[in-house]
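The data block below is input32.txt; it holds compact mmCIF, C-alpha atoms and all ligand atoms.
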# COMPACT_ATOMS: atom_id res chain seq x y z
CA MET A 1 101.58 88.85 133.79
CA ALA A 2 100.12 88.83 130.30
CA LEU A 3 97.63 86.65 128.46
CA ILE A 4 99.29 85.37 125.30
CA VAL A 5 97.84 83.29 122.46
CA GLN A 6 100.48 81.33 120.52
CA LYS A 7 99.60 79.55 117.26
CA PHE A 8 101.79 76.92 115.65
CA GLY A 9 101.24 75.79 112.04
CA GLY A 10 101.52 72.31 110.59
CA SER A 11 105.23 72.35 109.84
CA SER A 12 105.98 73.54 113.39
CA VAL A 13 104.37 70.38 114.87
CA ALA A 14 105.27 67.97 112.04
CA ASP A 15 106.99 65.30 114.19
CA ARG A 16 108.21 64.44 117.68
CA ASP A 17 111.21 66.79 117.65
CA HIS A 18 109.14 69.70 116.33
CA ILE A 19 106.46 69.08 118.97
CA PHE A 20 109.05 69.21 121.75
CA ASN A 21 110.50 72.36 120.20
CA VAL A 22 107.03 73.96 120.36
CA ALA A 23 106.51 72.66 123.90
CA ARG A 24 109.73 74.39 124.98
CA ILE A 25 108.62 77.74 123.47
CA VAL A 26 105.26 77.43 125.26
CA ALA A 27 106.88 76.30 128.52
CA ASP A 28 109.25 79.30 128.48
CA THR A 29 106.35 81.71 127.92
CA TYR A 30 104.37 80.06 130.74
CA ARG A 31 107.33 80.03 133.13
CA ASP A 32 107.86 83.74 132.48
CA GLY A 33 104.57 84.13 134.37
CA ASN A 34 102.12 84.45 131.49
CA SER A 35 98.76 82.77 130.92
CA VAL A 36 99.08 80.86 127.65
CA VAL A 37 96.52 79.55 125.19
CA VAL A 38 98.09 77.56 122.36
CA VAL A 39 96.37 76.90 119.03
CA VAL A 40 97.76 74.20 116.76
CA SER A 41 97.20 72.97 113.21
CA ALA A 42 97.32 69.41 111.96
CA GLN A 43 100.82 67.91 111.71
CA GLY A 44 102.75 68.49 108.45
CA ASP A 45 100.71 67.51 105.40
CA THR A 46 98.00 65.74 107.40
CA THR A 47 95.13 67.85 106.02
CA ASP A 48 96.22 67.22 102.41
CA ASP A 49 96.67 63.50 103.17
CA LEU A 50 93.16 63.31 104.61
CA MET A 51 91.77 65.00 101.49
CA GLU A 52 93.53 62.37 99.37
CA LYS A 53 92.02 59.61 101.48
CA ALA A 54 88.56 61.01 100.79
CA ALA A 55 89.34 61.21 97.06
CA GLU A 56 90.13 57.47 97.13
CA ILE A 57 86.52 56.90 98.18
CA THR A 58 84.56 59.50 96.20
CA HIS A 59 85.01 62.50 93.94
CA ALA A 60 81.91 64.19 95.33
CA PRO A 61 82.16 63.88 99.11
CA SER A 62 79.52 65.46 101.31
CA LEU A 63 81.01 68.63 102.79
CA ARG A 64 79.70 67.63 106.21
CA GLU A 65 81.68 64.40 106.11
CA MET A 66 84.75 66.22 104.77
CA ASP A 67 84.69 68.53 107.78
CA MET A 68 84.32 65.57 110.11
CA LEU A 69 87.36 63.99 108.45
CA LEU A 70 89.60 67.07 108.26
CA ALA A 71 88.92 68.16 111.83
CA SER A 72 90.54 64.94 113.05
CA GLY A 73 94.01 66.21 112.07
CA GLU A 74 94.07 69.00 114.63
CA GLN A 75 92.83 66.66 117.36
CA ILE A 76 96.02 64.60 117.05
CA SER A 77 98.21 67.68 117.45
CA ILE A 78 96.51 69.03 120.60
CA ALA A 79 96.82 65.71 122.44
CA LEU A 80 100.48 65.19 121.48
CA LEU A 81 101.47 68.75 122.39
CA SER A 82 99.70 68.53 125.77
CA MET A 83 101.58 65.29 126.46
CA ALA A 84 104.89 66.93 125.50
CA LEU A 85 104.17 69.86 127.82
CA GLY A 86 103.49 67.33 130.58
CA GLU A 87 106.88 65.74 129.90
CA LEU A 88 108.48 69.18 130.39
CA GLY A 89 106.71 69.53 133.73
CA VAL A 90 104.07 72.02 132.54
CA LYS A 91 100.43 71.28 133.34
CA ALA A 92 98.40 71.42 130.11
CA ILE A 93 94.96 70.41 128.86
CA SER A 94 93.86 69.92 125.26
CA LEU A 95 90.47 71.15 123.98
CA THR A 96 88.83 70.54 120.62
CA GLY A 97 87.33 73.52 118.82
CA TRP A 98 83.87 72.68 120.14
CA GLN A 99 85.10 72.24 123.73
CA ALA A 100 86.81 75.61 123.38
CA GLY A 101 83.48 77.21 122.41
CA PHE A 102 83.79 77.92 118.68
CA LYS A 103 80.22 78.39 117.41
CA THR A 104 80.08 78.74 113.63
CA ASP A 105 77.55 79.16 110.86
CA ARG A 106 76.47 76.13 108.82
CA ASN A 107 78.80 76.59 105.87
CA TYR A 108 80.73 73.34 105.89
CA SER A 109 84.33 73.69 104.65
CA LYS A 110 84.31 77.49 104.91
CA ALA A 111 82.39 78.17 108.11
CA ARG A 112 82.56 81.55 109.77
CA ILE A 113 82.77 82.00 113.52
CA ARG A 114 79.45 83.33 114.85
CA ARG A 115 80.48 83.56 118.49
CA MET A 116 82.94 82.26 121.04
CA GLU A 117 81.84 80.81 124.37
CA THR A 118 85.01 81.15 126.38
CA GLU A 119 83.88 79.79 129.79
CA ARG A 120 85.69 76.48 129.40
CA ILE A 121 88.99 78.02 128.27
CA GLU A 122 88.78 80.55 131.09
CA SER A 123 88.05 77.94 133.75
CA GLU A 124 90.97 75.79 132.57
CA LEU A 125 93.29 78.82 132.54
CA ALA A 126 92.18 79.60 136.09
CA LYS A 127 93.61 76.23 137.12
CA ASN A 128 96.99 77.65 136.22
CA GLN A 129 97.61 75.43 133.24
CA VAL A 130 98.34 75.86 129.57
CA VAL A 131 95.27 75.38 127.35
CA VAL A 132 95.96 73.75 123.98
CA VAL A 133 93.15 74.32 121.46
CA ALA A 134 92.57 72.63 118.09
CA GLY A 135 92.57 75.25 115.34
CA PHE A 136 90.43 75.27 112.18
CA GLN A 137 87.32 73.70 113.72
CA GLY A 138 84.03 74.56 115.37
CA LEU A 139 80.46 73.45 115.84
CA ASN A 140 77.38 74.70 113.98
CA SER A 141 73.83 75.12 115.26
CA HIS A 142 73.06 71.48 114.32
CA GLU A 143 75.92 70.48 116.69
CA ASP A 144 77.83 69.28 113.63
CA VAL A 145 81.56 69.73 113.17
CA THR A 146 82.59 72.49 110.77
CA THR A 147 85.97 73.72 109.52
CA LEU A 148 86.97 77.30 108.81
CA GLY A 149 88.66 76.85 105.40
CA ARG A 150 92.30 76.17 104.56
CA GLY A 151 94.70 78.06 106.78
CA GLY A 152 91.86 78.56 109.27
CA SER A 153 93.93 77.91 112.40
CA ASP A 154 95.28 81.46 112.15
CA THR A 155 91.67 82.65 112.42
CA SER A 156 91.02 80.37 115.40
CA ALA A 157 94.01 81.86 117.21
CA VAL A 158 93.05 85.47 116.55
CA ALA A 159 89.41 84.74 117.50
CA ILE A 160 90.52 83.42 120.89
CA ALA A 161 92.79 86.44 121.34
CA CYS A 162 89.81 88.73 120.59
CA ALA A 163 87.38 86.89 122.85
CA LEU A 164 89.80 86.75 125.80
CA LYS A 165 91.15 90.27 125.14
CA ALA A 166 94.64 88.80 125.02
CA ASP A 167 97.64 91.09 125.27
CA LEU A 168 99.37 89.45 122.29
CA CYS A 169 98.70 86.90 119.54
CA GLN A 170 101.81 85.24 118.12
CA ILE A 171 101.61 83.26 114.89
CA TYR A 172 104.61 80.92 114.79
CA THR A 173 105.42 79.45 111.38
CA ASP A 174 108.23 78.07 109.21
CA VAL A 175 109.60 81.44 108.03
CA GLU A 176 110.88 84.32 110.17
CA GLY A 177 108.01 86.68 109.50
CA VAL A 178 106.19 88.41 106.66
CA TYR A 179 108.49 89.04 103.70
CA THR A 180 108.26 91.31 100.67
CA ALA A 181 107.44 88.13 98.69
CA ASP A 182 107.28 84.42 99.41
CA PRO A 183 110.92 83.72 100.36
CA ARG A 184 110.59 80.31 98.71
CA ILE A 185 109.98 81.99 95.34
CA VAL A 186 112.08 85.16 95.64
CA ARG A 187 115.50 84.56 97.15
CA SER A 188 116.14 88.26 97.73
CA ALA A 189 112.83 88.81 99.57
CA LYS A 190 113.23 90.94 102.68
CA LYS A 191 111.64 90.41 106.08
CA LEU A 192 109.41 93.32 107.12
CA ASP A 193 109.74 94.56 110.72
CA VAL A 194 106.19 95.90 110.60
CA ILE A 195 103.25 95.96 108.21
CA SER A 196 99.83 97.63 108.52
CA PHE A 197 96.64 95.59 108.90
CA ASP A 198 95.36 96.90 105.56
CA GLU A 199 98.48 95.93 103.65
CA MET A 200 98.64 92.55 105.35
CA LEU A 201 94.97 91.97 104.59
CA GLU A 202 95.56 92.65 100.89
CA LEU A 203 98.68 90.45 100.77
CA ALA A 204 96.88 87.61 102.57
CA SER A 205 93.80 87.91 100.35
CA LEU A 206 95.99 87.95 97.25
CA GLY A 207 97.74 84.69 98.06
CA ALA A 208 100.47 85.31 100.67
CA GLN A 209 99.68 82.20 102.65
CA VAL A 210 101.73 83.21 105.71
CA LEU A 211 98.57 84.61 107.37
CA ASN A 212 94.97 83.71 106.63
CA ASN A 213 93.10 86.83 105.47
CA ARG A 214 90.20 86.34 107.88
CA SER A 215 92.60 86.30 110.81
CA VAL A 216 93.94 89.69 109.73
CA GLU A 217 90.42 91.04 109.30
CA LEU A 218 89.56 89.99 112.87
CA ALA A 219 92.80 91.31 114.34
CA LYS A 220 92.18 94.69 112.69
CA LYS A 221 88.58 94.85 113.87
CA TYR A 222 89.46 94.11 117.50
CA GLY A 223 92.85 95.84 117.56
CA ILE A 224 94.81 92.71 118.44
CA ASN A 225 98.61 92.91 118.75
CA LEU A 226 99.67 90.42 116.13
CA GLU A 227 103.15 89.07 115.51
CA VAL A 228 104.39 86.56 112.91
CA LEU A 229 107.57 84.72 113.81
CA SER A 230 109.56 81.53 113.35
CA SER A 231 109.16 78.50 115.58
CA LEU A 232 112.66 77.35 114.62
CA ASN A 233 114.71 80.53 114.78
CA PRO A 234 114.29 82.80 117.83
CA VAL A 235 114.71 86.15 116.09
CA PRO A 236 112.25 89.09 116.02
CA GLY A 237 109.44 88.55 113.52
CA THR A 238 106.97 90.93 111.88
CA ILE A 239 104.52 93.08 113.82
CA VAL A 240 101.15 93.64 112.15
CA LYS A 241 99.49 96.83 113.41
CA GLU A 242 97.12 99.64 112.57
CA VAL A 243 99.22 102.51 111.27
CA VAL A 244 102.63 102.31 109.74
CA ASP A 245 104.90 105.17 108.64
CA MET A 246 103.41 106.23 105.31
CA GLU A 247 106.72 107.68 104.13
CA GLY A 248 108.31 104.25 104.36
CA MET A 249 108.47 101.70 101.58
CA LEU A 250 106.29 102.37 98.55
CA ILE A 251 105.58 98.69 97.96
CA LYS A 252 105.28 96.27 100.89
CA GLY A 253 105.06 93.06 98.96
CA VAL A 254 104.35 90.96 95.91
CA ALA A 255 101.90 88.07 96.14
CA LYS A 256 100.95 85.18 93.89
CA ASP A 257 97.68 83.27 93.85
CA VAL A 258 97.40 80.18 91.66
CA ASN A 259 94.05 79.13 93.07
CA VAL A 260 92.12 81.02 90.43
CA ALA A 261 89.80 80.04 87.59
CA VAL A 262 88.75 82.44 84.87
CA PHE A 263 85.34 82.22 83.18
CA SER A 264 84.25 83.84 79.94
CA LEU A 265 80.58 84.11 79.08
CA ILE A 266 80.51 84.52 75.33
CA GLY A 267 77.85 86.45 73.44
CA VAL A 268 75.61 87.72 76.23
CA PRO A 269 73.02 90.31 75.15
CA ASP A 270 74.37 93.88 75.30
CA GLN A 271 71.50 95.23 77.42
CA PRO A 272 70.80 96.38 81.01
CA GLY A 273 70.53 93.73 83.75
CA VAL A 274 72.77 91.04 82.27
CA SER A 275 75.68 91.52 84.70
CA PHE A 276 73.20 91.64 87.56
CA LYS A 277 71.71 88.27 86.53
CA VAL A 278 75.10 86.58 86.13
CA PHE A 279 76.64 87.78 89.37
CA SER A 280 73.53 87.32 91.48
CA LEU A 281 73.40 83.67 90.33
CA LEU A 282 76.95 83.23 91.57
CA SER A 283 76.44 85.11 94.82
CA GLN A 284 73.38 82.98 95.64
CA ARG A 285 75.77 80.01 95.61
CA LYS A 286 78.26 81.97 97.77
CA ILE A 287 80.82 82.13 94.96
CA ASN A 288 83.11 85.14 95.24
CA VAL A 289 83.87 86.92 91.98
CA ASP A 290 87.08 88.90 91.78
CA ILE A 291 88.41 90.59 88.61
CA ILE A 292 85.67 91.42 86.08
CA LEU A 293 86.19 92.47 82.48
CA GLN A 294 83.46 93.32 79.99
CA SER A 295 84.20 93.52 76.27
CA VAL A 296 82.91 96.31 74.06
CA GLY A 297 79.50 95.39 72.62
CA ARG A 298 79.34 94.23 69.00
CA ASP A 299 76.21 93.13 67.08
CA ASN A 300 74.21 93.63 70.29
CA THR A 301 76.29 91.10 72.23
CA LYS A 302 79.31 91.31 74.49
CA ASP A 303 81.58 88.94 76.45
CA LEU A 304 81.87 88.89 80.25
CA THR A 305 85.11 87.56 81.74
CA PHE A 306 85.71 87.14 85.47
CA THR A 307 87.75 85.17 88.00
CA VAL A 308 86.53 82.96 90.87
CA PRO A 309 88.46 80.91 93.47
CA LEU A 310 89.65 77.61 91.99
CA ALA A 311 87.78 75.74 94.75
CA ASP A 312 84.50 77.06 93.29
CA LYS A 313 85.32 76.23 89.65
CA THR A 314 83.17 73.10 89.34
CA LEU A 315 80.17 74.69 91.04
CA ALA A 316 80.46 77.92 89.03
CA GLU A 317 80.75 75.96 85.80
CA SER A 318 77.59 73.97 86.44
CA VAL A 319 75.64 77.04 87.61
CA LEU A 320 76.61 78.99 84.48
CA LYS A 321 76.08 76.11 82.03
CA ASP A 322 72.59 75.55 83.42
CA ALA A 323 71.82 79.24 83.14
CA LEU A 324 73.10 79.77 79.56
CA PRO A 325 69.63 79.75 77.92
CA ARG A 326 68.18 82.07 80.58
CA LEU A 327 71.10 84.49 80.23
CA GLY A 328 70.82 84.37 76.45
CA ALA A 329 74.55 83.63 76.23
CA LYS A 330 76.16 81.53 73.48
CA ASP A 331 78.84 79.70 75.45
CA VAL A 332 80.86 79.56 78.65
CA LYS A 333 84.60 78.91 78.68
CA VAL A 334 86.77 78.23 81.71
CA ARG A 335 90.56 78.14 82.26
CA ASP A 336 92.55 77.31 85.36
CA ASP A 337 96.09 77.56 83.96
CA VAL A 338 96.27 81.15 85.21
CA ALA A 339 97.70 82.99 88.22
CA LYS A 340 97.05 86.34 89.81
CA VAL A 341 100.15 88.34 90.71
CA SER A 342 99.78 91.50 92.77
CA VAL A 343 101.80 94.34 94.29
CA VAL A 344 100.60 95.82 97.57
CA GLY A 345 101.58 99.03 99.33
CA ALA A 346 99.71 101.86 101.02
CA GLY A 347 102.35 104.25 99.63
CA MET A 348 101.07 103.84 96.07
CA GLN A 349 98.02 106.00 96.89
CA SER A 350 100.14 109.12 96.60
CA TYR A 351 102.76 107.95 94.15
CA PRO A 352 102.24 107.80 90.40
CA GLY A 353 103.91 105.27 88.14
CA VAL A 354 103.45 102.06 90.12
CA ALA A 355 101.35 100.42 87.41
CA SER A 356 103.75 101.37 84.63
CA THR A 357 106.76 100.03 86.58
CA MET A 358 104.90 96.76 87.13
CA PHE A 359 103.81 96.43 83.50
CA GLU A 360 107.31 97.31 82.27
CA ALA A 361 108.81 94.52 84.39
CA LEU A 362 106.35 92.07 82.83
CA TYR A 363 106.96 93.40 79.31
CA GLU A 364 110.75 93.06 79.72
CA ASN A 365 110.19 89.43 80.61
CA ASN A 366 107.82 88.89 77.72
CA ILE A 367 104.90 88.05 80.06
CA ASN A 368 101.44 88.70 78.67
CA ILE A 369 98.72 90.26 80.86
CA HIS A 370 95.17 88.90 80.45
CA MET A 371 93.34 91.04 83.01
CA ILE A 372 94.14 93.91 85.37
CA SER A 373 92.47 95.11 88.55
CA THR A 374 93.40 97.87 90.96
CA SER A 375 92.42 99.29 94.32
CA GLU A 376 93.92 102.16 96.33
CA ILE A 377 96.69 99.98 97.69
CA LYS A 378 97.15 97.15 95.20
CA ILE A 379 97.47 96.28 91.52
CA SER A 380 96.76 92.74 90.32
CA VAL A 381 97.34 91.13 86.95
CA LEU A 382 96.09 87.82 85.66
CA ILE A 383 98.75 85.95 83.67
CA ASP A 384 99.57 82.39 82.57
CA LYS A 385 100.36 80.15 85.55
CA ALA A 386 103.59 79.03 83.87
CA ASP A 387 104.87 82.64 84.03
CA ALA A 388 103.90 83.29 87.65
CA ASP A 389 107.18 82.73 89.53
CA ARG A 390 109.13 84.65 86.88
CA ALA A 391 106.63 87.48 87.15
CA VAL A 392 106.86 87.62 90.95
CA ASN A 393 110.66 87.84 90.75
CA ALA A 394 110.63 90.46 87.99
CA ILE A 395 108.13 92.68 89.79
CA HIS A 396 109.94 92.25 93.11
CA ASP A 397 113.23 93.26 91.48
CA ALA A 398 111.63 96.32 89.91
CA PHE A 399 110.25 97.67 93.20
CA ILE A 400 112.22 96.30 96.07
CA ASN A 401 115.80 95.74 94.98
P1 LIG B 1 101.73 77.29 108.70
O1 LIG B 1 101.72 75.83 108.46
O2 LIG B 1 102.67 77.70 109.80
O3 LIG B 1 100.37 77.88 108.86
P2 LIG B 1 101.83 78.22 105.97
O4 LIG B 1 102.45 77.24 105.04
O5 LIG B 1 100.35 78.34 105.98
O6 LIG B 1 102.41 77.94 107.41
O7 LIG B 1 102.44 79.68 105.70
C1 LIG B 1 103.84 79.88 105.70
C2 LIG B 1 104.35 79.92 104.26
O8 LIG B 1 103.81 81.05 103.61
C3 LIG B 1 105.85 80.09 104.14
O9 LIG B 1 106.51 78.86 104.22
C4 LIG B 1 105.99 80.78 102.80
O10 LIG B 1 106.39 79.88 101.79
C5 LIG B 1 104.59 81.28 102.46
N1 LIG B 1 104.54 82.70 102.11
C6 LIG B 1 103.88 83.21 101.04
N2 LIG B 1 104.02 84.53 100.96
C7 LIG B 1 104.80 84.91 102.02
C8 LIG B 1 105.29 86.16 102.49
N3 LIG B 1 105.01 87.32 101.87
N4 LIG B 1 106.05 86.17 103.61
C9 LIG B 1 106.33 85.02 104.26
N5 LIG B 1 105.90 83.80 103.86
C10 LIG B 1 105.12 83.73 102.75
N1 LIG B 2 95.11 72.18 108.90
C1 LIG B 2 94.37 73.17 108.19
C2 LIG B 2 94.97 73.38 106.80
O1 LIG B 2 95.92 72.71 106.44
C3 LIG B 2 94.26 74.47 108.93
C4 LIG B 2 95.55 75.23 109.08
O2 LIG B 2 96.64 74.68 108.90
O3 LIG B 2 95.48 76.42 109.42
O4 LIG B 2 94.48 74.19 106.06
MG MG B 3 98.89 78.53 107.49
How does the structure come out when it is put into structure tokens?
Amino acid sequence: MALIVQKFGGSSVADRDHIFNVARIVADTYRDGNSVVVVVSAQGDTTDDLMEKAAEITHAPSLREMDMLLASGEQISIALLSMALGELGVKAISLTGWQAGFKTDRNYSKARIRRMETERIESELAKNQVVVVAGFQGLNSHEDVTTLGRGGSDTSAVAIACALKADLCQIYTDVEGVYTADPRIVRSAKKLDVISFDEMLELASLGAQVLNNRSVELAKKYGINLEVLSSLNPVPGTIVKEVVDMEGMLIKGVAKDVNVAVFSLIGVPDQPGVSFKVFSLLSQRKINVDIILQSVGRDNTKDLTFTVPLADKTLAESVLKDALPRLGAKDVKVRDDVAKVSVVGAGMQSYPGVASTMFEALYENNINIHMISTSEIKISVLIDKADADRAVNAIHDAFIN
């Protein structure tokens, strides 16, 4: 008998028929003699719909109230799924994130899990029933509801798997596994049988929404057996694990991220300490900076260009505008009509020519590159958003077909 955590995303529980489909998968796993903890997301587009409802009221909602609002979506799913399991003759109990023991920090809308108190889940499992937990939510030290950021139910599932030392964590979704690119953008994308934690972490961080990057980080840290598979099609999915045959594919995937804003600070003094001042201002506000480019100094000034997550655009803009006089900069410009497109593969460490193949594919499609960044296992370019899907296809063709 194994302990298995199964997570089902929003599209997998979108309506009555989908909920019964999920209930049957869970019931089969339970009847095979396993202990099962299920984590679910809000149904279909519920989270987006709730965000729109808030926007009808205010354009500057308190993040605390947003978390209170968004957490309600998952609560609907856990109750409905537990009822469906009951209809199939399987004893089940639903638990909110706070009942399930998710203790988070105070960062509303992007809280991190501080610890898991698993007594309640364990005592409910001991009653020989399925435990259905609301993903994406927790409680902070003020006893206020927090959410873990978009796509956070994946992280909830892996966190439970870590805390309970589960034998397996299965992430069920609306595609059959992890592909070499988003199969909705690249029709020839191929399903991967396995991918390493490091490659999956890069792909997830670079926009491949199929797994939340923090869930991969956790799974790697605790050595969780992780599998991504379809809730609609019972075929083998993708295994995410520590080491994968290095002689295998050179490139594991191509990812696109359109949730990017690019800032240019114009005319900052060309002297020591300027970058430190700029980026410490942003880090104090917990804004993550990604690609950074510094122009060559001219007339004792230079330009600093960098990307931040689109969600932080407004905050970053106001922080930088306020700081212009202190930084001695002339102006700040911001664009959000850009996308970051990346190739990922551990094989590129020992294989020259990956960058030139990527840039050639873009050149042949007349796509202009604004910024470039690299690490040992990935190359990213910043391009116009309008070119992004064409770029993903061109790069995918160059490496994978
Ligand atoms: P869920 O609601 O189950 O959490 P998501 O919408 O968050 O599902 O993630 C699944 C989606 O991720 C797929 O429908 C697919 O369009 C997208 N996706 C992006 N990149 C990839 C990739 N490399 N492999 C598989 N799916 C991907
Ligand atoms: N419902 C949340 C979202 O849409 C969490 C999740 O689906 O993982 O982001
Ligand atoms: Mg998701």
### Task
Could the residues that lie within 8 Å of ligand LIG 1 (chain B), counting all atoms listed in the file, be listed as a PyMOL selection string?
chain A and resi 8-12+41+44+151+153-154+171-185+191+203-204+207-212+253-256
### Message
Can you work out which residues are within 12 Å of ligand LIG 2 (chain B), considering only C-alpha atoms and all ligand atoms, and then hand them over as a PyMOL selection string?
### Response
chain A and resi 7-14+39-51+67+69-77+109-110+134-137+146-158+171-173+209-215
### Task
Could you tell me which of A:Lys103, A:Met68, A:Val228, A:Arg390 comes closest to ligand MG 3 (chain B) if we count only C-alpha atoms and all ligand atoms?
A:Val228
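Using only C-alpha atoms, the set of residues no farther than 9 Å from the position (86.6, 93.9, 80.7) comprises Ile291, Ile292, Leu293, Gln294, Ser295, Val296, Asp303, Leu304, Thr305, Phe306, Met371 and Ile372 of chain A.
Separating atom CA of Ile78 of chain A from atom CA of Met116 of chain A is a distance of 19.0 Å.
Excluding Arg285 of chain A and any residue on its chain fewer than 5 positions from it, the residues at most 12 Å away by only C-alpha atoms are Asn107, Val278, Phe279, Ser280, Asp312, Lys313, Thr314, Leu315, Ala316, Glu317, Ser318, Val319 and Leu320 of chain A.
Of the residues listed (A:Ala161, A:Leu168, A:Ile251, A:Val145), A:Leu168 shows the shortest atom-to-atom separation from Met1 of chain A; distances use all atoms listed in the file.
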### Task
Figure out the distance between atom CA of Asp336 of chain A and atom CA of Lys252 of chain A, please, to one decimal in Å.
27.6 Å
